[in-house]
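Colleague: Coordinates in query06.csv, CSV, C-alpha atoms, are listed below.
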```
chain,number,residue,atom,x,y,z
A,11,MET,CA,-77.9,-2.3,-26.2
A,12,LYS,CA,-74.5,-3.6,-25.1
A,13,ASN,CA,-73.7,-5.2,-21.8
A,14,LYS,CA,-70.7,-3.4,-20.4
A,15,LEU,CA,-68.6,-3.8,-17.3
A,16,THR,CA,-66.2,-1.3,-15.7
A,17,PHE,CA,-63.0,-2.2,-14.0
A,18,GLU,CA,-64.7,-1.9,-10.6
A,19,GLN,CA,-67.5,-4.2,-11.7
A,20,ILE,CA,-65.0,-6.7,-13.0
A,21,ARG,CA,-63.1,-6.6,-9.7
A,22,LYS,CA,-66.4,-7.5,-7.9
A,23,ILE,CA,-66.7,-10.7,-10.0
A,24,LEU,CA,-63.1,-11.9,-10.5
A,25,PRO,CA,-61.1,-12.9,-7.5
A,26,GLN,CA,-57.7,-11.6,-9.0
A,27,ARG,CA,-56.4,-8.4,-7.6
A,28,PRO,CA,-54.2,-5.6,-9.1
A,29,PRO,CA,-51.6,-5.8,-10.4
A,30,PHE,CA,-52.7,-9.3,-11.5
A,31,LEU,CA,-56.2,-8.3,-12.5
A,32,LEU,CA,-55.5,-7.8,-16.1
A,33,LEU,CA,-58.8,-7.1,-17.8
A,34,ASP,CA,-59.6,-3.3,-17.8
A,35,LYS,CA,-63.0,-3.1,-19.3
A,36,VAL,CA,-65.8,-5.3,-20.9
A,37,ILE,CA,-67.3,-3.6,-23.9
A,38,ASP,CA,-70.0,-6.3,-24.6
A,39,TYR,CA,-71.0,-9.8,-23.6
A,40,GLU,CA,-73.7,-12.3,-24.2
A,41,VAL,CA,-74.1,-14.9,-21.6
A,42,HIS,CA,-73.2,-18.5,-22.7
A,43,LYS,CA,-71.9,-17.1,-26.0
A,44,SER,CA,-69.2,-14.4,-26.1
A,45,LEU,CA,-67.4,-11.6,-24.4
A,46,ALA,CA,-65.2,-8.7,-25.6
A,47,GLY,CA,-63.0,-6.5,-23.5
A,48,TYR,CA,-59.9,-4.3,-23.4
A,49,LYS,CA,-56.5,-4.6,-21.8
A,50,ASN,CA,-54.3,-1.5,-22.0
A,51,ILE,CA,-50.6,-2.2,-21.9
A,52,THR,CA,-48.5,0.6,-20.2
A,53,GLY,CA,-44.9,1.2,-19.7
A,54,THR,CA,-45.5,1.6,-15.9
A,55,GLU,CA,-46.3,-2.1,-15.5
A,56,GLU,CA,-43.6,-4.1,-13.8
A,57,PHE,CA,-42.9,-6.4,-16.9
A,58,SER,CA,-41.5,-3.4,-18.8
A,59,ASN,CA,-38.5,-3.3,-16.4
A,60,VAL,CA,-37.7,-7.0,-16.5
A,61,HIS,CA,-39.0,-8.5,-19.8
A,62,PHE,CA,-36.6,-7.8,-21.4
A,63,GLY,CA,-34.2,-5.2,-20.0
A,64,GLU,CA,-34.1,-2.3,-22.4
A,65,CYS,CA,-36.6,-3.9,-24.8
A,66,ALA,CA,-40.1,-4.1,-23.2
A,67,ILE,CA,-42.2,-6.9,-24.6
A,68,TYR,CA,-45.4,-8.0,-22.9
A,69,PRO,CA,-44.9,-11.6,-21.8
A,70,GLY,CA,-46.9,-14.3,-23.7
A,71,VAL,CA,-47.8,-16.0,-20.4
A,72,PHE,CA,-49.7,-12.8,-19.5
A,73,LEU,CA,-51.6,-13.0,-22.7
A,74,ILE,CA,-52.7,-16.5,-21.6
A,75,GLU,CA,-53.7,-15.0,-18.3
A,76,ILE,CA,-55.8,-12.3,-20.0
A,77,ALA,CA,-57.5,-15.0,-22.0
A,78,ALA,CA,-58.2,-17.0,-18.9
A,79,GLN,CA,-59.6,-14.1,-16.9
A,80,ALA,CA,-61.9,-13.0,-19.8
A,81,SER,CA,-63.0,-16.7,-20.2
A,82,ALA,CA,-63.7,-17.1,-16.4
A,83,LEU,CA,-65.6,-13.8,-16.4
A,84,LEU,CA,-67.9,-15.0,-19.2
A,85,PHE,CA,-68.5,-18.3,-17.5
A,86,LEU,CA,-69.3,-16.7,-14.1
A,87,LEU,CA,-71.6,-14.2,-15.8
A,88,SER,CA,-73.3,-17.1,-17.5
A,89,ASN,CA,-73.9,-19.0,-14.3
A,90,GLU,CA,-77.5,-18.2,-13.5
A,91,GLU,CA,-77.5,-20.2,-10.2
A,92,VAL,CA,-75.6,-17.5,-8.3
A,93,ASP,CA,-75.8,-13.8,-8.0
A,94,ILE,CA,-72.9,-11.4,-8.1
A,95,LYS,CA,-72.3,-11.4,-4.3
A,96,GLU,CA,-71.9,-15.2,-4.3
A,97,LYS,CA,-69.6,-15.1,-7.4
A,98,LYS,CA,-66.8,-13.7,-5.2
A,99,ASN,CA,-66.3,-17.2,-3.8
A,100,LYS,CA,-66.0,-18.9,-7.1
A,101,PHE,CA,-62.7,-19.4,-8.9
A,102,GLY,CA,-62.1,-20.4,-12.5
A,103,LEU,CA,-59.1,-22.7,-12.5
A,104,LEU,CA,-57.3,-23.5,-15.7
A,105,GLY,CA,-57.3,-27.1,-16.7
A,106,ASN,CA,-55.7,-26.9,-20.1
A,107,VAL,CA,-54.3,-24.5,-22.6
A,108,SER,CA,-54.2,-25.8,-26.2
A,109,GLN,CA,-53.4,-24.6,-29.6
A,110,PHE,CA,-52.2,-21.2,-28.1
A,111,GLN,CA,-50.2,-19.2,-30.6
A,112,PHE,CA,-48.4,-15.9,-30.2
A,113,LEU,CA,-48.6,-14.2,-33.6
A,114,ASN,CA,-47.4,-10.6,-33.0
A,115,ILE,CA,-45.3,-8.8,-30.4
A,116,VAL,CA,-47.1,-6.7,-27.8
A,117,THR,CA,-45.4,-3.6,-26.4
A,118,PRO,CA,-46.3,-0.6,-24.0
A,119,GLY,CA,-48.9,1.6,-25.6
A,120,ASP,CA,-50.8,-1.2,-27.2
A,121,CYS,CA,-54.5,-1.5,-26.5
A,122,LEU,CA,-55.5,-5.2,-26.7
A,123,GLU,CA,-59.0,-6.3,-27.5
A,124,VAL,CA,-59.9,-9.7,-26.1
A,125,HIS,CA,-62.6,-11.8,-27.7
A,126,VAL,CA,-63.9,-14.9,-26.0
A,127,PHE,CA,-66.2,-17.5,-27.6
A,128,MET,CA,-67.9,-20.2,-25.5
A,129,VAL,CA,-67.3,-23.5,-27.1
A,130,ARG,CA,-69.0,-25.7,-24.5
A,131,GLU,CA,-70.1,-25.5,-20.9
A,132,ILE,CA,-71.3,-28.3,-18.8
A,133,ASN,CA,-71.9,-28.2,-15.0
A,134,GLN,CA,-68.9,-26.4,-13.5
A,135,MET,CA,-66.6,-26.8,-16.6
A,136,ALA,CA,-66.2,-24.8,-19.8
A,137,ILE,CA,-64.1,-24.7,-23.0
A,138,THR,CA,-63.5,-21.3,-24.7
A,139,LYS,CA,-61.7,-20.1,-27.8
A,140,VAL,CA,-60.0,-16.7,-27.4
A,141,GLU,CA,-58.6,-14.2,-29.9
A,142,ILE,CA,-56.5,-11.2,-28.8
A,143,THR,CA,-56.1,-8.4,-31.3
A,144,CYS,CA,-54.4,-5.1,-31.4
A,145,GLU,CA,-55.6,-2.6,-33.9
A,146,GLU,CA,-57.3,-5.5,-35.8
A,147,ARG,CA,-54.0,-7.3,-35.9
A,148,LEU,CA,-54.2,-10.8,-34.3
A,149,VAL,CA,-51.6,-11.1,-31.6
A,150,ALA,CA,-52.6,-14.4,-29.9
A,151,LYS,CA,-55.3,-17.1,-30.1
A,152,GLY,CA,-56.0,-20.4,-28.4
A,153,GLN,CA,-58.3,-22.7,-26.6
A,154,LEU,CA,-58.7,-22.9,-22.8
A,155,SER,CA,-60.6,-25.3,-20.6
A,156,PHE,CA,-61.3,-24.7,-17.0
A,157,GLY,CA,-63.3,-25.7,-14.0
A,158,VAL,CA,-65.0,-23.6,-11.4
A,159,LYS,CA,-64.4,-24.3,-7.7
A,160,GLU,CA,-65.6,-22.6,-4.6
A,161,TYR,CA,-63.3,-21.3,-1.9
A,162,GLU,CA,-64.3,-24.1,0.5
A,163,GLU,CA,-63.4,-26.8,-2.0
A,164,ILE,CA,-59.9,-25.4,-2.4
A,165,TYR,CA,-59.2,-24.6,1.3
A,166,GLN,CA,-61.0,-27.3,3.2
B,2,MET,CA,-66.6,-41.8,-43.2
B,3,ASN,CA,-65.0,-44.1,-40.7
B,4,ILE,CA,-66.5,-42.8,-37.4
B,5,GLU,CA,-64.4,-45.1,-35.2
B,6,LYS,CA,-61.1,-44.0,-36.9
B,7,GLU,CA,-62.1,-40.3,-36.7
B,8,ILE,CA,-62.9,-40.5,-33.0
B,9,LYS,CA,-59.8,-42.5,-32.2
B,10,GLY,CA,-57.8,-39.7,-33.9
B,11,ILE,CA,-59.5,-37.0,-31.8
B,12,ILE,CA,-58.9,-38.9,-28.6
B,13,SER,CA,-55.3,-39.8,-29.5
B,14,GLU,CA,-54.6,-36.1,-29.8
B,15,ILE,CA,-56.2,-35.1,-26.5
B,16,VAL,CA,-54.8,-38.1,-24.6
B,17,GLY,CA,-51.4,-37.7,-26.2
B,18,ILE,CA,-51.1,-41.4,-27.1
B,19,ALA,CA,-50.5,-42.8,-30.6
B,20,GLU,CA,-53.7,-43.9,-32.3
B,21,ASP,CA,-52.5,-47.5,-32.7
B,22,LYS,CA,-51.7,-47.7,-29.0
B,23,ILE,CA,-55.1,-46.7,-27.7
B,24,ASP,CA,-57.2,-49.5,-26.3
B,25,THR,CA,-60.8,-48.8,-27.1
B,26,LYS,CA,-62.0,-50.4,-23.9
B,27,ALA,CA,-59.5,-48.7,-21.6
B,28,SER,CA,-60.9,-46.2,-19.1
B,29,PHE,CA,-60.0,-42.6,-19.8
B,30,GLN,CA,-59.8,-41.9,-16.0
B,31,ASP,CA,-58.1,-45.1,-14.6
B,32,ASP,CA,-55.9,-46.1,-17.6
B,33,TYR,CA,-55.1,-42.7,-19.2
B,34,GLY,CA,-55.4,-40.4,-16.2
B,35,LEU,CA,-57.9,-38.1,-17.8
B,36,ASP,CA,-60.1,-35.9,-15.6
B,37,SER,CA,-63.6,-34.6,-16.3
B,38,LEU,CA,-62.3,-31.5,-18.0
B,39,ARG,CA,-60.5,-33.6,-20.6
B,40,ALA,CA,-63.7,-35.7,-21.1
B,41,LEU,CA,-65.5,-32.4,-21.8
B,42,GLU,CA,-62.7,-31.6,-24.4
B,43,ILE,CA,-63.4,-35.0,-26.1
B,44,LEU,CA,-67.1,-34.3,-26.2
B,45,ALA,CA,-66.6,-30.8,-27.6
B,46,ALA,CA,-64.1,-32.1,-30.2
B,47,VAL,CA,-66.5,-34.9,-31.3
B,48,GLU,CA,-69.4,-32.4,-31.6
B,49,ASN,CA,-67.2,-30.0,-33.7
B,50,LYS,CA,-66.0,-32.8,-35.9
B,51,PHE,CA,-69.4,-34.2,-36.8
B,52,GLY,CA,-71.5,-31.1,-36.4
B,53,ILE,CA,-73.7,-32.6,-33.6
B,54,VAL,CA,-74.7,-31.5,-30.1
B,55,ILE,CA,-74.5,-34.2,-27.5
B,56,ASP,CA,-76.8,-34.2,-24.5
B,57,PRO,CA,-74.7,-33.0,-21.5
B,58,GLU,CA,-75.9,-36.0,-19.4
B,59,LYS,CA,-74.1,-38.3,-21.8
B,60,LEU,CA,-70.8,-36.9,-20.6
B,61,SER,CA,-70.7,-39.3,-17.6
B,62,GLU,CA,-71.0,-42.3,-20.0
B,63,MET,CA,-68.1,-41.2,-22.2
B,64,VAL,CA,-65.6,-43.2,-20.2
B,65,ASN,CA,-63.8,-45.0,-23.0
B,66,VAL,CA,-63.4,-44.9,-26.8
B,67,ASP,CA,-66.1,-47.5,-27.4
B,68,ASN,CA,-68.6,-45.5,-25.5
B,69,VAL,CA,-67.7,-42.3,-27.2
B,70,VAL,CA,-68.2,-44.0,-30.6
B,71,ARG,CA,-71.5,-45.5,-29.5
B,72,ILE,CA,-72.9,-42.2,-28.2
B,73,ALA,CA,-71.6,-40.2,-31.3
B,74,LYS,CA,-73.4,-42.7,-33.6
B,75,GLU,CA,-76.7,-42.0,-31.8
B,76,TYR,CA,-76.4,-38.4,-33.2
B,77,ILE,CA,-74.8,-39.0,-36.6
B,78,ASN,CA,-77.0,-39.9,-39.5
B,79,VAL,CA,-75.3,-43.0,-40.7
```
Before we go any further, please render this structure as structure tokens.

Modeller:
Amino acid sequence: MKNKLTFEQIRKILPQRPPFLLLDKVIDYEVHKSLAGYKNITGTEEFSNVHFGECAIYPGVFLIEIAAQASALLFLLSNEEVDIKEKKNKFGLLGNVSQFQFLNIVTPGDCLEVHVFMVREINQMAITKVEITCEERLVAKGQLSFGVKEYEEIYQ
Amino acid sequence: MNIEKEIKGIISEIVGIAEDKIDTKASFQDDYGLDSLRALEILAAVENKFGIVIDPEKLSEMVNVDNVVRIAKEYINV
């Protein structure tokens, strides 16, 4: 049986809000190990007007953000010390992006599949490897490290 | 296998300093400005390189190259 999350369930866990909440659906996850989800790219998103003019290409920096949100989601789901209600106050903050490569262009109409693999997690820190594919074509991959902070630690 | 050299290479890449310029006794935090997240990256990279799993509690001891080498050797069959 697969562990799935709808967009509304994701919204309850991640603090990002539309239009910057980029993960649409989780199709499966295993805590402390992996997560897979979808991001649908549409021509109605703001980027298609500005990046670039008459040639809409999904920005690479947004691909990093998708990877970061999926990674933070896996980490928060894996944190057994808190329940879903408390997770709202926790923020996954990127510490490093390394070996990130953009291998194929993403355009409106593409359905991206995001795969996160937990490399290591200790205390409130984690390292993940992420692959983003579109119709089994690898479009981006890289490694992220991030720490989790609570609202009170950020805004004292 | 030269464990010291392999680990120095890993740390050189993460710290962004040439291997021959790294002082094995210098503090990651005070001398190279690394935070705890980078220390975790070093731990994960060493684990991956040598196929070992280091006790998370050792992370706080991994404050310079010499300590990383010492801890890694505890897990590597040499």

Colleague: How many Å separate atom CA of A:Asn50 from atom CA of A:Leu154?

Modeller: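 Between atom CA of A:Asn50 and atom CA of A:Leu154 the gap works out to 21.9 Å.
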
Colleague: As a ChimeraX atom specification, please: the residues near B:Pro57 (cut-off 12 Å, only C-alpha atoms, same-chain neighbours under 5 positions excluded).

Modeller: /A:130-136 /B:40-41,44-45,48,62-63,72

Colleague: Which is closer to chain A than all the others in B:Ala27, B:Val70, B:Ile15, B:Ile77, using only C-alpha atoms?

Modeller: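 Result for the nearest residue to chain A: B:Ile15.
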
Colleague: Please provide the set of residues having any atom within 9 Å of B:Phe51, restricted to all atoms listed in the file, with same-chain residues fewer than 2 positions apart removed, written as a CSV table (one decimal) with C-alpha atoms, in the coordinates of the input.

Modeller:
```
chain,number,residue,atom,x,y,z
B,46,ALA,CA,-64.1,-32.1,-30.2
B,47,VAL,CA,-66.5,-34.9,-31.3
B,48,GLU,CA,-69.4,-32.4,-31.6
B,49,ASN,CA,-67.2,-30.0,-33.7
B,53,ILE,CA,-73.7,-32.6,-33.6
B,54,VAL,CA,-74.7,-31.5,-30.1
B,73,ALA,CA,-71.6,-40.2,-31.3
B,76,TYR,CA,-76.4,-38.4,-33.2
B,77,ILE,CA,-74.8,-39.0,-36.6
```

Colleague: Give the answer as one residue: which of B:Glu7, B:Leu35, B:Asp67, B:Asn78 has the shortest atom-to-atom distance to chain A, using only C-alpha atoms?

Modeller: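 Among the listed residues, B:Leu35 lies closest to chain A.
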
Colleague: Pick from A:Ile51, A:Leu84, A:Val116, A:Val107: nearest to A:Cys65, with only C-alpha atoms counted?

Modeller: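 Residue with the minimum atom-to-atom distance to A:Cys65: A:Val116.
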
Colleague: What separation in Å, quoted to one decimal, exists between atom CA of A:Lys100 and atom CA of A:Glu163?

Modeller: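 Atom CA of A:Glu163 lies 9.8 Å from atom CA of A:Lys100.
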
Colleague: Choose the residue, out of B:Ile23, B:Ile55, B:Ile8, B:Ile18, that has the smallest atom-to-atom separation from chain A; count only C-alpha atoms.

Modeller: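 Comparing B:Ile23, B:Ile55, B:Ile8, B:Ile18 against chain A, the winner is B:Ile55.
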
Colleague: Using atom CA of B:Ser28 and atom CA of A:Val158 as the two end points, give the distance in Å to one decimal.

Modeller: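 Between atom CA of B:Ser28 and atom CA of A:Val158 the gap works out to 24.2 Å.
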
Colleague: Give the answer as one residue: which of A:Gly105, A:Pro29, A:Gly152, A:Pro118 has the shortest atom-to-atom distance to chain B, using only C-alpha atoms?

Modeller: A:Gly105

Colleague: Excluding A:Lys35 and any residue of its chain fewer than 3 positions from it, enumerate the residues within 12 Å of it, using only C-alpha atoms, and give them as a PyMOL selection string.

Modeller: chain A and resi 13-21+31-32+38-39+45-50+76+79-80+83+121-124

Colleague: Of the residues A:Thr143, A:Thr54, A:Gln109, A:Thr138, which is the one nearest to A:Ser155, using only C-alpha atoms?

Modeller: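 Going through A:Thr143, A:Thr54, A:Gln109, A:Thr138 one by one, the smallest distance to A:Ser155 is for A:Thr138.
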
Colleague: Counting all atoms listed in the file, which residues sit no farther than 12 Å from the position (-68.7, -47.6, -42.1) in the file's frame? I'd like them as an MDAnalysis selection string.

Modeller: chainID B and resid 2:7 74 77:79
